[in-house]
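So this block is my_file29.tsv, TSV, C-alpha atoms:
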```tsv
chain	number	residue	atom	x	y	z
A	1	MET	CA	-6.35	-4.77	22.25
A	2	ALA	CA	-7.71	-4.91	18.69
A	3	GLU	CA	-6.96	-7.80	16.39
A	4	PRO	CA	-3.58	-7.54	14.61
A	5	ILE	CA	-3.43	-8.06	10.86
A	6	ILE	CA	0.35	-7.53	10.61
A	7	GLU	CA	2.86	-8.90	13.11
A	8	VAL	CA	6.61	-8.44	12.70
A	9	GLU	CA	9.26	-9.92	14.98
A	10	ARG	CA	12.99	-9.11	15.00
A	11	LEU	CA	12.96	-8.31	11.30
A	12	GLU	CA	16.37	-7.87	9.69
A	13	LYS	CA	17.30	-7.36	6.05
A	14	ILE	CA	20.91	-7.56	4.92
A	15	TYR	CA	21.92	-6.88	1.32
A	16	VAL	CA	25.21	-8.42	0.20
A	17	SER	CA	27.15	-7.05	-2.76
A	18	GLY	CA	30.60	-8.60	-3.05
A	19	ASP	CA	32.30	-8.00	0.29
A	20	VAL	CA	29.87	-5.26	1.28
A	21	ARG	CA	27.03	-6.06	3.69
A	22	THR	CA	24.33	-3.42	4.11
A	23	HIS	CA	21.94	-3.71	7.05
A	24	ALA	CA	18.76	-2.14	5.72
A	25	LEU	CA	16.66	-3.39	8.68
A	26	ARG	CA	18.22	-4.07	12.06
A	27	GLY	CA	15.63	-5.88	14.17
A	28	VAL	CA	12.21	-4.33	13.67
A	29	ASP	CA	9.26	-5.32	15.85
A	30	LEU	CA	5.86	-4.06	14.72
A	31	ARG	CA	2.19	-4.80	15.19
A	32	VAL	CA	-0.52	-3.23	13.01
A	33	GLU	CA	-4.16	-3.60	13.98
A	34	ARG	CA	-6.87	-4.48	11.49
A	35	GLY	CA	-8.37	-1.29	10.08
A	36	GLU	CA	-5.47	0.90	11.17
A	37	MET	CA	-3.89	3.58	8.99
A	38	LEU	CA	-0.15	3.53	9.65
A	39	ALA	CA	2.35	6.05	8.29
A	40	VAL	CA	6.05	5.20	7.98
A	41	MET	CA	8.45	8.15	7.98
A	42	GLY	CA	12.19	8.69	8.04
A	43	PRO	CA	15.10	10.04	5.98
A	44	SER	CA	16.12	8.53	2.65
A	45	GLY	CA	17.90	5.21	3.11
A	46	CYS	CA	16.46	4.56	6.58
A	47	GLY	CA	14.71	1.34	5.52
A	48	LYS	CA	11.13	2.52	4.89
A	49	THR	CA	10.65	0.93	1.47
A	50	THR	CA	12.62	-2.17	2.47
A	51	LEU	CA	10.24	-2.61	5.41
A	52	LEU	CA	7.23	-2.19	3.12
A	53	ASN	CA	8.61	-4.74	0.65
A	54	CYS	CA	9.28	-7.29	3.40
A	55	LEU	CA	5.83	-6.80	4.91
A	56	ALA	CA	4.21	-7.29	1.51
A	57	GLY	CA	6.22	-10.41	0.73
A	58	ILE	CA	7.98	-8.78	-2.22
A	59	ASP	CA	11.35	-9.15	-0.47
A	60	ASP	CA	12.48	-11.92	1.88
A	61	PRO	CA	13.79	-10.97	5.33
A	62	SER	CA	17.25	-12.14	6.31
A	63	VAL	CA	16.15	-12.74	9.91
A	64	GLY	CA	12.81	-12.61	11.69
A	65	ALA	CA	9.18	-13.26	10.86
A	66	VAL	CA	6.36	-11.45	9.07
A	67	ARG	CA	2.82	-12.69	9.68
A	68	ILE	CA	-0.13	-11.36	7.71
A	69	ASP	CA	-3.49	-12.43	9.11
A	70	SER	CA	-1.60	-15.09	11.13
A	71	THR	CA	0.06	-16.48	7.97
A	72	ASP	CA	3.86	-16.58	8.13
A	73	LEU	CA	4.94	-15.42	4.67
A	74	ALA	CA	8.17	-17.44	4.92
A	75	THR	CA	6.14	-20.66	4.87
A	76	LEU	CA	4.70	-19.89	1.42
A	77	ASP	CA	6.41	-20.86	-1.83
A	78	ASP	CA	6.74	-18.19	-4.54
A	79	ASP	CA	3.57	-19.11	-6.43
A	80	THR	CA	1.47	-19.35	-3.27
A	81	ARG	CA	2.84	-16.06	-1.98
A	82	THR	CA	2.07	-14.33	-5.29
A	83	SER	CA	-1.48	-15.67	-5.16
A	84	TYR	CA	-1.81	-14.63	-1.51
A	85	ARG	CA	-0.69	-11.09	-2.40
A	86	ALA	CA	-3.18	-10.93	-5.27
A	87	ARG	CA	-6.04	-11.94	-2.97
A	88	LYS	CA	-5.17	-10.05	0.20
A	89	MET	CA	-3.20	-6.95	-0.82
A	90	GLY	CA	-3.37	-3.82	-2.96
A	91	PHE	CA	-0.51	-1.53	-3.96
A	92	ILE	CA	-0.38	2.23	-4.61
A	93	PHE	CA	2.89	3.69	-5.91
A	94	GLN	CA	4.13	7.24	-6.38
A	95	PHE	CA	4.39	7.04	-10.17
A	96	TYR	CA	1.14	5.15	-10.85
A	97	ASN	CA	2.64	2.16	-12.78
A	98	LEU	CA	-0.23	2.31	-15.24
A	99	LEU	CA	0.15	0.79	-18.71
A	100	PRO	CA	-0.13	3.70	-21.17
A	101	VAL	CA	-1.74	1.68	-23.99
A	102	LEU	CA	-4.63	0.52	-21.80
A	103	SER	CA	-7.73	2.43	-20.78
A	104	ALA	CA	-8.50	3.17	-17.13
A	105	ALA	CA	-10.89	0.20	-17.01
A	106	GLU	CA	-8.35	-2.12	-18.64
A	107	ASN	CA	-5.62	-1.06	-16.18
A	108	VAL	CA	-7.92	-1.68	-13.22
A	109	GLU	CA	-9.14	-5.08	-14.40
A	110	LEU	CA	-5.65	-6.37	-15.27
A	111	PRO	CA	-4.85	-7.88	-11.81
A	112	LEU	CA	-8.13	-9.80	-11.91
A	113	LEU	CA	-7.48	-11.16	-15.39
A	114	VAL	CA	-3.96	-12.21	-14.41
A	115	SER	CA	-5.34	-14.08	-11.38
A	116	GLY	CA	-7.85	-15.98	-13.55
A	117	THR	CA	-11.07	-14.03	-12.99
A	118	PRO	CA	-13.39	-14.35	-16.03
A	119	PRO	CA	-13.26	-11.29	-18.33
A	120	ALA	CA	-16.91	-10.28	-17.86
A	121	GLU	CA	-16.61	-10.37	-14.07
A	122	SER	CA	-13.24	-8.57	-14.22
A	123	ARG	CA	-14.73	-5.71	-16.24
A	124	GLU	CA	-17.77	-5.43	-13.96
A	125	ARG	CA	-15.58	-5.26	-10.85
A	126	ALA	CA	-13.19	-2.79	-12.53
A	127	LEU	CA	-16.04	-0.43	-13.39
A	128	ALA	CA	-17.42	-0.69	-9.85
A	129	SER	CA	-13.98	0.12	-8.46
A	130	LEU	CA	-13.60	3.14	-10.77
A	131	ASP	CA	-17.04	4.33	-9.67
A	132	ARG	CA	-15.95	4.00	-6.05
A	133	VAL	CA	-13.12	6.50	-6.65
A	134	GLY	CA	-15.30	8.86	-8.72
A	135	LEU	CA	-13.96	7.98	-12.18
A	136	ALA	CA	-16.76	5.97	-13.77
A	137	GLN	CA	-17.10	8.49	-16.59
A	138	TRP	CA	-13.36	8.25	-17.37
A	139	GLN	CA	-13.27	4.48	-17.81
A	140	ALA	CA	-12.34	4.60	-21.52
A	141	HIS	CA	-9.57	7.20	-21.15
A	142	ARG	CA	-5.91	6.24	-21.28
A	143	PRO	CA	-3.48	7.51	-18.61
A	144	ALA	CA	-2.11	10.30	-20.85
A	145	GLN	CA	-5.63	11.73	-21.07
A	146	LEU	CA	-5.96	11.97	-17.28
A	147	SER	CA	-4.59	14.44	-14.74
A	148	GLY	CA	-2.10	13.34	-12.10
A	149	GLY	CA	-4.84	13.14	-9.49
A	150	GLN	CA	-7.04	11.11	-11.80
A	151	ARG	CA	-4.19	8.72	-12.63
A	152	GLN	CA	-3.62	8.15	-8.92
A	153	ARG	CA	-7.34	7.47	-8.49
A	154	VAL	CA	-7.05	4.81	-11.21
A	155	THR	CA	-4.13	3.33	-9.27
A	156	ILE	CA	-6.26	3.26	-6.11
A	157	ALA	CA	-9.14	1.66	-8.03
A	158	ARG	CA	-6.73	-1.02	-9.25
A	159	ALA	CA	-5.42	-1.54	-5.71
A	160	LEU	CA	-8.97	-1.98	-4.41
A	161	VAL	CA	-10.44	-4.10	-7.20
A	162	ASN	CA	-9.72	-7.36	-5.35
A	163	ASP	CA	-11.18	-5.94	-2.09
A	164	PRO	CA	-7.85	-6.39	-0.26
A	165	ALA	CA	-7.48	-6.55	3.48
A	166	ILE	CA	-4.28	-4.44	3.29
A	167	VAL	CA	-3.31	-1.59	0.99
A	168	TRP	CA	0.39	-0.69	0.79
A	169	GLY	CA	1.28	2.84	-0.31
A	170	ASP	CA	4.82	3.88	-1.24
A	171	GLU	CA	4.76	7.70	-1.37
A	172	PRO	CA	1.24	7.56	-2.90
A	173	THR	CA	0.93	11.36	-2.90
A	174	GLY	CA	4.59	12.14	-3.65
A	175	ASP	CA	4.03	13.11	-7.30
A	176	LEU	CA	0.93	15.24	-6.64
A	177	ASP	CA	0.39	18.90	-5.83
A	178	THR	CA	-1.04	19.81	-2.44
A	179	ALA	CA	-4.68	19.94	-3.56
A	180	ASN	CA	-4.53	16.56	-5.29
A	181	ALA	CA	-2.56	15.04	-2.40
A	182	ASN	CA	-5.26	16.15	0.05
A	183	GLU	CA	-7.96	14.75	-2.23
A	184	ILE	CA	-6.24	11.36	-2.56
A	185	MET	CA	-5.58	11.16	1.19
A	186	SER	CA	-9.23	12.00	1.92
A	187	LEU	CA	-10.26	9.19	-0.42
A	188	MET	CA	-7.99	6.72	1.39
A	189	GLN	CA	-9.36	7.83	4.77
A	190	GLU	CA	-12.91	7.38	3.50
A	191	LEU	CA	-12.14	3.87	2.25
A	192	ASN	CA	-10.47	3.04	5.55
A	193	ARG	CA	-13.55	4.16	7.51
A	194	GLU	CA	-16.13	2.55	5.24
A	195	ARG	CA	-14.39	-0.74	4.44
A	196	ARG	CA	-12.07	-1.18	7.43
A	197	GLN	CA	-9.16	-1.76	5.12
A	198	THR	CA	-5.70	-1.46	6.65
A	199	PHE	CA	-3.39	1.11	5.05
A	200	VAL	CA	0.40	1.20	5.50
A	201	ILE	CA	1.74	4.36	3.88
A	202	VAL	CA	5.39	5.32	3.40
A	203	THR	CA	5.55	9.11	3.19
A	204	HIS	CA	7.94	12.01	3.61
A	205	ASP	CA	5.05	14.43	4.17
A	206	PRO	CA	4.19	15.10	7.84
A	207	GLU	CA	0.75	16.43	6.86
A	208	ILE	CA	-0.09	13.10	5.22
A	209	ALA	CA	1.25	11.20	8.22
A	210	ALA	CA	-0.80	13.35	10.58
A	211	ARG	CA	-3.97	12.04	8.93
A	212	CYS	CA	-3.14	8.44	9.84
A	213	HIS	CA	-3.91	6.77	13.17
A	214	ARG	CA	-0.25	6.19	13.94
A	215	THR	CA	3.18	7.17	12.62
A	216	ILE	CA	6.38	5.21	13.08
A	217	HIS	CA	9.67	7.02	12.55
A	218	MET	CA	12.64	5.05	11.21
A	219	GLN	CA	16.35	5.72	11.25
A	220	ASP	CA	19.23	3.42	10.28
A	221	GLY	CA	16.95	0.41	9.86
A	222	LEU	CA	15.19	0.76	13.22
A	223	ILE	CA	11.93	2.20	14.49
A	224	ILE	CA	13.11	4.95	16.82
A	225	ARG	CA	9.76	6.38	17.94
A	226	GLU	CA	6.06	6.44	17.18
A	227	GLU	CA	3.09	8.74	17.55
A	228	THR	CA	-0.50	7.62	17.98
A	229	ARG	CA	-3.53	9.77	17.28
A	230	ALA	CA	-7.11	9.56	16.09
A	231	ALA	CA	-7.02	9.97	12.31
A	232	VAL	CA	-8.09	13.51	11.51
A	233	ALA	CA	-10.55	14.53	8.88
A	234	HIS	CA	-9.57	17.17	6.35
A	235	ASP	CA	-11.91	19.50	4.57
A	236	GLY	CA	-9.35	20.20	1.85
```
As structure tokens, how would this structure be written, given the file I've shared?
Amino acid sequence: MAEPIIEVERLEKIYVSGDVRTHALRGVDLRVERGEMLAVMGPSGCGKTTLLNCLAGIDDPSVGAVRIDSTDLATLDDDTRTSYRARKMGFIFQFYNLLPVLSAAENVELPLLVSGTPPAESRERALASLDRVGLAQWQAHRPAQLSGGQRQRVTIARALVNDPAIVWGDEPTGDLDTANANEIMSLMQELNRERRQTFVIVTHDPEIAARCHRTIHMQDGLIIREETRAAVAHDG
């Protein structure tokens, strides 16, 4: 069996609001191999995003363990966990989360600057990352000057600028039309093949999920079934 990069044991997440206790996750076990593309599907409120947030160390589990590259996230204090995320992980969101007053290059280099990388090196790596996603010539443009597909490419460039081992995607194609969604998914597949980066993608779109190696289906805070396949290419 291939080497796991994500290991989850008996993961539970309970949200408490006054007298109300909501079980968002009810005992999830999961193993993700290095270099795998995993899709997470299920109806709204089933726990998909909560699972993603717990795996990425954004949210703390109520019960259970999350290990990333054999590191138990619960053993890390907040500052160490934040640094670990910055070094090991990239994030792609549905609505881009780009700062409108910054250029594409400035948005991409921002995580490096925040983590203490010297400005000259940050800019060089940002431009290389934009080139990797086909946007080198758009480096000076602000988000409002870019199409939706281009904005999502900037988001991917930002997610990849630290050469992360894992990229988390929360509905990364959800705000795109079909053509742009296919283009962005093809880009993620290419990066997965070339760089062996692990992708965990929350999606409602079965066509996006079908292009991943494996899909887990969630309901009421549990994984109820999974499908495994060879990731398929797409000629768009």
Fill in: Among listed residues A:Pro119, A:Pro143, A:Gly90, A:Pro164, nearest Asn107 in chain A (using all atoms listed in the file)
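Looking only at the distances to Asn107 in chain A, the closest residue turns out to be A:Pro143.
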Worksheet item: Could you work out how far CA of Asp175 in chain A lies from CA of His204 in chain A, giving the answer in Å with one decimal?
Response: 11.6 Å
Find the nearest atom pair between each residue of range 155-209 of chain A and range 38-45 of chain A for residues within 8 Å, count all atoms listed in the file, give distances in Å to one decimal, sort rows by chain and ascending number, and present the table as a tab-separated table.
```
residue	atom	partner	partner_atom	distance
A:Phe199	CA	A:Leu38	CA	6.1
A:Val200	CA	A:Leu38	CA	4.8
A:Ile201	CA	A:Ala39	CA	4.8
A:Val202	CA	A:Val40	CA	4.6
A:Thr203	CA	A:Met41	CA	5.7
A:His204	CA	A:Met41	CA	5.9
A:Ala209	CA	A:Ala39	CA	5.3
```
Discussion item. Can you tell me which residues surround Asp177 in chain A at a distance of at most 12 Å, considering all atoms listed in the file, apart from same-chain residues fewer than 4 positions away, and format the answer as a PyMOL selection string?
Written reply: chain A and resi 147-149+152+172-173+181-184+205
Fill in: Residue with smallest distance to Val114 in chain A - pool A:Arg34, A:Thr82, A:Phe91, A:Ile14, counting all atoms listed in the file
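Closest to Val114 in chain A, using all atoms listed in the file: A:Thr82.
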Worksheet entry | 10 Å contact set for range 47-50 of chain A, only C-alpha atoms, chain neighbours under 4 positions out, as a count of residues only | 31
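The nearest approach to Val154 in chain A among the residues A:Glu226, A:Glu109, A:Asp72, A:Glu121, with all atoms listed in the file taken into account, belongs to A:Glu109.
CA of Arg153 in chain A sits 10.0 Å away from CA of Asn180 in chain A.
Counting from CA of Leu130 in chain A, the distance to CA of Leu187 in chain A is 12.4 Å.
The smallest atom-to-atom distance between Ala140 in chain A and any of A:Thr22, A:Ser103, A:Ser83, A:Thr178, using all atoms listed in the file, is found for A:Ser103.
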Practice prompt. Kindly indicate which residue among A:Leu135, A:Leu51, A:Met89, A:Val8 lies nearest to Ala104 in chain A, using only C-alpha atoms for the distances.
Written response: A:Leu135
Practice prompt. Could you give me, as a VMD selection string, the residues that have an atom at most 12 Å away from the point (-11.7, -2.0, -9.1) in the coordinates of the file, using all atoms listed in the file?
Written response: chain A and resid 90 104 to 113 121 to 136 139 153 to 164
Worksheet entry | Distance criterion (all atoms listed in the file): nearest to Leu102 in chain A out of A:Asn192, A:Thr71, A:Thr215, A:Gln145 | A:Gln145
Where's the centre, and what are the edge lengths in Å to one decimal, of a box along x, y and z enclosing all listed atoms of range 6-11 of chain A padded 5 Å per side, as lines of an AutoDock Vina configuration file?
```
center_x = 6.7
center_y = -8.7
center_z = 12.8
size_x = 22.6
size_y = 12.4
size_z = 14.4
```
